[in-house]
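Engineer: Input: one structure, supplied below.
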2 protein chains.
Amino acid sequence: MQADSTPADRAPTDRTPIELGDVLHDLDRTGHLPLYHQIATRLREAIADGTLPTGSRLENEVALAERIGVSRPTMRRAIQDLVDRGLLVRRRGVGTQVVGARVHRHLELSSLHEDLTRSGHATTTQVLRHELVPASPAVASQLGIAPGAPVLYIRRLRLSDGVPLAVLENHLPPGLSDITPEQLEEQGLYAILRNRGVSMRVARQTIGARAATRDEAPLLGIAAGAPVLTMTRVVFDDSGASVETGSHCYVPDLYTFEITLVER
Amino acid sequence: MQADSTPADRAPTDRTPIELGDVLHDLDRTGHLPLYHQIATRLREAIADGTLPTGSRLENEVALAERIGVSRPTMRRAIQDLVDRGLLVRRRGVGTQVVGARVHRHLELSSLHEDLTRSGHATTTQVLRHELVPASPAVASQLGIAPGAPVLYIRRLRLSDGVPLAVLENHLPPGLSDITPEQLEEQGLYAILRNRGVSMRVARQTIGARAATRDEAPLLGIAAGAPVLTMTRVVFDDSGASVETGSHCYVPDLYTFEITLVER
DNA sequence: CTTGCCAATATGTAATAACAAATACACGGA
DNA sequence: TCCGTGTATTTGTTATTACATATTGGCAAG
């Protein structure tokens, strides 16, 4: 059983590029939405609905740009967007290929997270705590404020169709500490922040695992000491100021994180 | 204690831009390395070593480009690179600001072995199993081969300074099944793949948590049922063919995943 | 028949130009 | 004094052009 040395002995990868004239017709030129964004969205949809099957090749970018009447940089930017998302792969001198709707779907099915949010499960929120507390040194450092300054501490239980999913703990800086429990029960923290004009731009997350505390276990309907998936996060806005810190723990059977990495 | 409504009442954010003439001088114009890449690297270093402190402002991109003698698109591309990494934030009509000096390891296409050796720990590897097995339906689907086809199954124990860190399970497609246990003990899977000319481009990862099995627990030096952090991964090369699948579990006290998200 | 080279192809890098849109600040009027 | 408006500043979007470089495959010479 001597294996040949070429890594790929499958995927004939049809050489003839897919026609995309019909997918990319009729762009909105009013300038309300960037052209590259419209093109990227259409391409993403074409991959999702099978118009661009896995392994198929795109026409070369110069011809594509010409065909739909945009410049090459604009076309490149749209394609690059999909490359960054891991949907396309490009090789100099070769061309651009679709890399995988099949596996993507498979992984998504194994994650209840996507299922829950997308397939319309009823998610509810219970606000367990909601109070002003002096910022601990750790929280103060993350929020970029002075230790001891008053911050709003929130603790919520998130349920999906009545099943406990996660315990969410957040700290909010002084400027945002007038958010009410009622708002949080119906809207979700991020919707509230966006409605207040806060533009969140950068988030730094750390994902880990630990045992559920005696405190969390009954809330989540699991045994104390059972594993939970944890995620801590600091979110920054436009001006580089931190807007929120969160420290959440999830029931691992019901929640996973999915990430696509691309080597550039 | 009425909070004012502006979200940021901290971070004076000095208005005068930082001089960068000295940081960006003397670029290599021979074309061996792209200009935008050199500029991005210099800027990243300047942020890391404090030349560009958190909250400081960059000179506007037109002036910067002029000063160092590159075009605005080139300068923009370099800056955008840092924005994508979450190190800079830009706002139209305002300017570009540094958002974080803290060195944070970006989640990238690298292996655990490389991460650890880079940070100066002595990592060792024990190959627990190494055998050809018929591909299960799940593995076959991930690797894009026929179920039952022979794949190389590897199970390794990774230690850092002698302390058990993770149990790594991998499946490799037929073209790569001639990797030896000896290679794996000294090199790490990713180094071997790269040396064989495999160019890994896209990875899809799922991160979760579960209880350690009775099998894993003694290997990792933890109790059966104790929480472990899990990561499953499928890696694709630049032709869209999958190169490797892995299913790993980590001791959560010793390993976490860090991710930076950027809203574009 | 094999090997090496060359040309065609496609993406990668870079410069230049012009206009659009968001923001901030200063100025002027009520 | 306060508020609104206009203007300067800065990034965002798009087009055009040119050349560089990696890859593939065919062709010719040995």
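Just remember, in the structure tokens the first chain shown is A, the second B, etc., residues are 1-based per chain, and ligands are 1-based in the order shown.
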Once chain B is fitted onto chain A over all Cα atoms in order, please give the RMSD.
Structural biologist: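 2.9 Å is the C-alpha RMSD between the two chains.
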Engineer: Which of stretch 79-242 of chain A end up as helix (DSSP H, G or I) when DSSP is run on this backbone - answer as a tab-separated table (two decimals) with N, CA and C atoms, in the first residue's frame?
Structural biologist:
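Contents of the output file out.tsv:
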```tsv
chain	number	residue	atom	x	y	z
A	79	ILE	N	-13.78	39.55	-4.58
A	79	ILE	CA	-13.30	38.17	-4.49
A	79	ILE	C	-12.49	37.97	-3.21
A	80	GLN	N	-11.65	38.95	-2.90
A	80	GLN	CA	-10.82	38.83	-1.70
A	80	GLN	C	-11.67	38.67	-0.45
A	81	ASP	N	-12.81	39.31	-0.47
A	81	ASP	CA	-13.71	39.19	0.67
A	81	ASP	C	-14.10	37.73	0.91
A	82	LEU	N	-14.39	37.02	-0.16
A	82	LEU	CA	-14.77	35.62	-0.01
A	82	LEU	C	-13.55	34.76	0.33
A	83	VAL	N	-12.39	35.15	-0.18
A	83	VAL	CA	-11.18	34.42	0.18
A	83	VAL	C	-10.94	34.54	1.68
A	84	ASP	N	-11.12	35.76	2.21
A	84	ASP	CA	-10.92	35.97	3.65
A	84	ASP	C	-11.90	35.15	4.48
A	102	ARG	N	-19.90	22.05	1.03
A	102	ARG	CA	-20.33	20.77	1.59
A	102	ARG	C	-19.90	20.62	3.06
A	103	VAL	N	-18.62	20.78	3.29
A	103	VAL	CA	-18.12	20.58	4.64
A	103	VAL	C	-18.66	21.65	5.56
A	104	HIS	N	-18.80	22.83	5.02
A	104	HIS	CA	-19.31	23.93	5.81
A	104	HIS	C	-20.68	23.58	6.38
A	105	ARG	N	-21.53	23.10	5.52
A	105	ARG	CA	-22.87	22.73	5.95
A	105	ARG	C	-22.80	21.65	7.01
A	106	HIS	N	-21.90	20.70	6.78
A	106	HIS	CA	-21.79	19.59	7.71
A	106	HIS	C	-21.42	20.07	9.10
A	107	LEU	N	-20.44	20.99	9.16
A	107	LEU	CA	-20.02	21.48	10.46
A	107	LEU	C	-21.11	22.29	11.12
A	108	GLU	N	-21.83	23.04	10.32
A	108	GLU	CA	-22.88	23.86	10.91
A	108	GLU	C	-23.98	23.00	11.53
A	109	LEU	N	-24.27	21.90	10.89
A	109	LEU	CA	-25.30	21.04	11.42
A	109	LEU	C	-24.92	20.51	12.80
A	112	LEU	N	-25.33	23.43	17.45
A	112	LEU	CA	-26.68	23.87	17.75
A	112	LEU	C	-26.79	25.37	17.80
A	113	HIS	N	-25.67	26.00	17.95
A	113	HIS	CA	-25.69	27.45	18.03
A	113	HIS	C	-26.33	28.08	16.80
A	114	GLU	N	-25.82	27.66	15.64
A	114	GLU	CA	-26.36	28.22	14.40
A	114	GLU	C	-27.82	27.83	14.24
A	115	ASP	N	-28.10	26.55	14.54
A	115	ASP	CA	-29.47	26.08	14.42
A	115	ASP	C	-30.42	26.93	15.24
A	116	LEU	N	-30.02	27.21	16.46
A	116	LEU	CA	-30.92	27.91	17.36
A	116	LEU	C	-31.21	29.31	16.87
A	117	THR	N	-30.14	30.04	16.52
A	117	THR	CA	-30.36	31.43	16.16
A	117	THR	C	-31.02	31.55	14.80
A	118	ARG	N	-30.66	30.66	13.87
A	118	ARG	CA	-31.17	30.83	12.51
A	118	ARG	C	-32.54	30.19	12.32
A	137	PRO	N	-10.08	45.60	39.99
A	137	PRO	CA	-8.90	45.96	39.19
A	137	PRO	C	-8.93	45.31	37.80
A	138	ALA	N	-9.33	44.04	37.73
A	138	ALA	CA	-9.35	43.36	36.44
A	138	ALA	C	-10.34	44.02	35.49
A	139	VAL	N	-11.55	44.25	35.98
A	139	VAL	CA	-12.57	44.86	35.12
A	139	VAL	C	-12.16	46.28	34.74
A	140	ALA	N	-11.61	47.03	35.70
A	140	ALA	CA	-11.20	48.39	35.43
A	140	ALA	C	-10.14	48.41	34.32
A	141	SER	N	-9.21	47.46	34.40
A	141	SER	CA	-8.16	47.42	33.40
A	141	SER	C	-8.74	47.10	32.02
A	142	GLN	N	-9.70	46.19	31.98
A	142	GLN	CA	-10.30	45.84	30.69
A	142	GLN	C	-11.12	46.98	30.12
A	143	LEU	N	-11.82	47.70	30.99
A	143	LEU	CA	-12.67	48.79	30.50
A	143	LEU	C	-11.89	50.09	30.34
A	174	PRO	N	-19.32	53.41	32.97
A	174	PRO	CA	-20.25	54.38	33.54
A	174	PRO	C	-21.21	55.00	32.53
A	175	GLY	N	-20.73	55.31	31.35
A	175	GLY	CA	-21.59	55.96	30.38
A	175	GLY	C	-22.76	55.11	29.93
A	176	LEU	N	-22.73	53.83	30.19
A	176	LEU	CA	-23.79	52.94	29.72
A	176	LEU	C	-24.51	52.25	30.87
A	181	PRO	N	-33.17	46.55	33.49
A	181	PRO	CA	-33.44	45.11	33.38
A	181	PRO	C	-34.53	44.81	32.36
A	182	GLU	N	-35.52	45.69	32.26
A	182	GLU	CA	-36.62	45.44	31.33
A	182	GLU	C	-36.08	45.42	29.89
A	183	GLN	N	-35.23	46.37	29.56
A	183	GLN	CA	-34.63	46.38	28.23
A	183	GLN	C	-33.91	45.06	27.96
A	184	LEU	N	-33.16	44.61	28.97
A	184	LEU	CA	-32.34	43.42	28.78
A	184	LEU	C	-33.17	42.16	28.59
A	185	GLU	N	-34.35	42.13	29.19
A	185	GLU	CA	-35.17	40.93	29.06
A	185	GLU	C	-35.72	40.78	27.65
A	186	GLU	N	-35.92	41.91	27.00
A	186	GLU	CA	-36.58	41.78	25.70
A	186	GLU	C	-35.66	42.00	24.51
A	187	GLN	N	-34.51	42.62	24.73
A	187	GLN	CA	-33.76	43.04	23.55
A	187	GLN	C	-32.41	42.38	23.34
A	189	LEU	N	-28.29	42.50	24.87
A	189	LEU	CA	-27.39	43.61	25.16
A	189	LEU	C	-26.90	44.30	23.89
A	190	TYR	N	-26.58	43.51	22.88
A	190	TYR	CA	-25.98	44.11	21.69
A	190	TYR	C	-26.96	44.98	20.94
A	191	ALA	N	-28.20	44.56	20.90
A	191	ALA	CA	-29.22	45.38	20.23
A	191	ALA	C	-29.37	46.70	20.97
A	192	ILE	N	-29.36	46.64	22.30
A	192	ILE	CA	-29.49	47.87	23.08
A	192	ILE	C	-28.33	48.81	22.77
A	193	LEU	N	-27.13	48.28	22.79
A	193	LEU	CA	-25.95	49.11	22.54
A	193	LEU	C	-26.03	49.75	21.17
A	194	ARG	N	-26.38	48.95	20.17
A	194	ARG	CA	-26.46	49.50	18.81
A	194	ARG	C	-27.53	50.58	18.72
A	195	ASN	N	-28.67	50.36	19.38
A	195	ASN	CA	-29.72	51.37	19.34
A	195	ASN	C	-29.29	52.67	20.01
A	216	GLU	N	-23.62	28.03	39.35
A	216	GLU	CA	-24.10	27.97	37.96
A	216	GLU	C	-24.87	26.69	37.66
A	217	ALA	N	-24.42	25.60	38.25
A	217	ALA	CA	-24.94	24.29	37.87
A	217	ALA	C	-26.46	24.22	37.89
A	218	PRO	N	-27.10	24.60	39.00
A	218	PRO	CA	-28.58	24.50	39.00
A	218	PRO	C	-29.23	25.41	37.96
A	219	LEU	N	-28.62	26.55	37.71
A	219	LEU	CA	-29.18	27.44	36.69
A	219	LEU	C	-29.17	26.78	35.32
A	220	LEU	N	-28.09	26.09	35.02
A	220	LEU	CA	-27.94	25.49	33.70
A	220	LEU	C	-28.53	24.09	33.63
```
Engineer: Could you list, as a PyMOL selection string, the residues of chain D having an atom within 7 Å of chain B when counting only C-alpha atoms (C1' of nucleotides)?
Structural biologist: chain D and resi 9-11
Engineer: For D:DA20, find every residue with an atom within 12 Å (counting only C-alpha atoms (C1' of nucleotides)), except residues of its own chain fewer than 6 positions away, and show them as a list in words.
Structural biologist: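 Skipping anything fewer than 6 positions along the chain leaves Arg92 of chain A; Thr30, Gly31, His32 and Pro34 of chain B; DT11, DG12, DT13 and DA14 of chain C.
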Engineer: Residues of chain A near chain B: apply a cut-off of 6 Å, count only C-alpha atoms, and supply the list as a PyMOL selection string.
Structural biologist: chain A and resi 3-7+86+99+175+201-211+227+229+240+252+256-263
Engineer: Take the residues from that selection and write them out as a short mmCIF file (atom, residue, chain, number, x, y, z; two decimals), in the first residue's frame, keeping C-alpha atoms.
Structural biologist:
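Listing of out30.cif after writing:
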```
data_model
loop_
_atom_site.label_atom_id
_atom_site.label_comp_id
_atom_site.auth_asym_id
_atom_site.auth_seq_id
_atom_site.Cartn_x
_atom_site.Cartn_y
_atom_site.Cartn_z
CA ALA A 3 0.76 5.97 -1.32
CA ASP A 4 1.58 8.23 -4.19
CA SER A 5 3.17 11.49 -3.20
CA THR A 6 0.61 13.89 -4.60
CA PRO A 7 -1.63 15.04 -1.81
CA GLY A 86 -12.56 30.84 3.44
CA VAL A 99 -13.43 25.56 -1.62
CA GLY A 175 -21.59 55.96 30.38
CA ARG A 201 -15.78 47.47 16.09
CA VAL A 202 -13.23 45.15 17.67
CA ALA A 203 -13.78 42.25 20.04
CA ARG A 204 -11.10 40.20 21.75
CA GLN A 205 -12.29 36.82 22.90
CA THR A 206 -10.74 34.05 24.91
CA ILE A 207 -12.38 30.64 24.79
CA GLY A 208 -11.74 28.00 27.39
CA ALA A 209 -13.39 25.42 29.60
CA ARG A 210 -13.81 24.76 33.29
CA ALA A 211 -16.07 23.00 35.76
CA PRO A 227 -17.80 20.90 32.12
CA LEU A 229 -17.49 26.15 27.77
CA GLY A 240 -10.80 52.54 20.81
CA PRO A 252 -21.18 22.44 26.00
CA THR A 256 -19.87 25.45 20.24
CA PHE A 257 -17.75 28.07 18.51
CA GLU A 258 -17.01 27.75 14.84
CA ILE A 259 -14.10 29.55 13.27
CA THR A 260 -12.68 29.69 9.79
CA LEU A 261 -9.02 30.56 9.50
CA VAL A 262 -7.35 31.67 6.29
CA GLU A 263 -3.65 31.82 5.65
#
```
Engineer: Can you tell me how far atom CA of B:Thr123 sits from atom CA of B:Arg214, in Å to one decimal?
Structural biologist: 24.3 Å
Engineer: Run DSSP on the backbone and tell me which residues of stretch 85-237 of chain B come out as strand (DSSP E); list them as an NGL selection string.
Structural biologist: :B and (88-91 or 95-98 or 123-134 or 150-160 or 163-172 or 200-211 or 227-237)
Engineer: Write the residues of the preceding selection, restricted to C-alpha atoms, as a compact mmCIF listing (two decimals), in the first residue's frame.
Structural biologist:
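Okay, this is what ended up in part23.txt:
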```
# COMPACT_ATOMS: atom_id res chain seq x y z
CA LEU B 88 -6.04 49.96 14.66
CA VAL B 89 -9.42 51.60 14.33
CA ARG B 90 -10.26 54.09 11.59
CA ARG B 91 -13.12 56.52 11.28
CA GLY B 95 -8.40 59.47 11.56
CA THR B 96 -6.68 56.30 12.64
CA GLN B 97 -6.08 55.31 16.25
CA VAL B 98 -4.20 52.55 18.03
CA THR B 123 7.46 20.51 24.15
CA THR B 124 7.66 16.79 23.67
CA THR B 125 5.39 14.38 21.89
CA GLN B 126 4.54 10.76 22.51
CA VAL B 127 3.00 8.86 19.63
CA LEU B 128 0.39 6.64 21.22
CA ARG B 129 -1.04 5.12 18.08
CA HIS B 130 -0.06 5.21 14.43
CA GLU B 131 -1.91 2.91 12.05
CA LEU B 132 -3.81 2.67 8.83
CA VAL B 133 -7.54 2.34 9.39
CA PRO B 134 -10.52 2.37 7.02
CA PRO B 150 -7.30 3.63 4.13
CA VAL B 151 -6.36 6.68 6.17
CA LEU B 152 -3.55 7.15 8.65
CA TYR B 153 -4.83 7.47 12.18
CA ILE B 154 -2.51 9.15 14.68
CA ARG B 155 -2.96 9.63 18.39
CA ARG B 156 -0.42 11.69 20.24
CA LEU B 157 0.15 13.03 23.73
CA ARG B 158 1.63 16.50 23.79
CA LEU B 159 3.57 17.65 26.84
CA SER B 160 4.95 21.05 27.72
CA VAL B 163 3.36 18.38 31.87
CA PRO B 164 0.62 16.70 29.82
CA LEU B 165 -1.20 19.31 27.80
CA ALA B 166 -3.33 17.70 25.15
CA VAL B 167 -4.36 14.50 23.42
CA LEU B 168 -4.24 14.94 19.66
CA GLU B 169 -6.06 12.68 17.23
CA ASN B 170 -5.60 13.09 13.49
CA HIS B 171 -6.65 11.44 10.27
CA LEU B 172 -4.55 11.90 7.14
CA MET B 200 -2.36 24.74 4.00
CA ARG B 201 -4.68 27.61 3.33
CA VAL B 202 -8.07 27.30 5.01
CA ALA B 203 -8.99 25.68 8.31
CA ARG B 204 -12.43 25.20 9.76
CA GLN B 205 -12.44 24.76 13.49
CA THR B 206 -15.09 23.96 16.04
CA ILE B 207 -14.29 24.66 19.67
CA GLY B 208 -16.25 23.10 22.49
CA ALA B 209 -15.95 21.37 25.82
CA ARG B 210 -16.79 18.00 27.31
CA ALA B 211 -15.82 15.67 30.11
CA PRO B 227 -13.62 19.24 31.85
CA VAL B 228 -11.48 19.34 28.72
CA LEU B 229 -11.44 21.92 25.96
CA THR B 230 -11.98 20.37 22.54
CA MET B 231 -11.10 21.50 19.07
CA THR B 232 -11.92 19.69 15.85
CA ARG B 233 -10.46 20.93 12.63
CA VAL B 234 -10.41 20.28 8.92
CA VAL B 235 -7.58 21.84 6.92
CA PHE B 236 -7.71 22.48 3.17
CA ASP B 237 -4.82 23.16 0.84
```
Engineer: Which residues, written as a list in words, have at least one atom at most 12 Å from D:DT13, with only C-alpha atoms (C1' of nucleotides) counted and residues fewer than 6 positions away on the same chain left out?
Structural biologist: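 In the requested format, the answer is Arg29, Gly31, His32, Leu33, Pro34, Leu35, Tyr36, His37, Ser71, Pro73, Thr74 and Arg77 of chain A; Pro73 of chain B; DA18, DC19, DA20 and DA21 of chain C.
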Engineer: Calculate how many Å separate atom C1' of D:DG26 from atom C1' of C:DA10, rounding to one decimal.
Structural biologist: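 Rounded to one decimal, the two atoms are 17.6 Å apart.
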Engineer: As number ranges by chain, could you give me every residue of chain C near chain B (at most 6 Å apart, counting only C-alpha atoms (C1' of nucleotides))?
Structural biologist: C: 15, 22-23
Engineer: One number please: atom CA of A:Glu45 to atom CA of A:Leu24, in Å, one decimal.
Structural biologist: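 Between atom CA of A:Glu45 and atom CA of A:Leu24 the gap works out to 10.8 Å.
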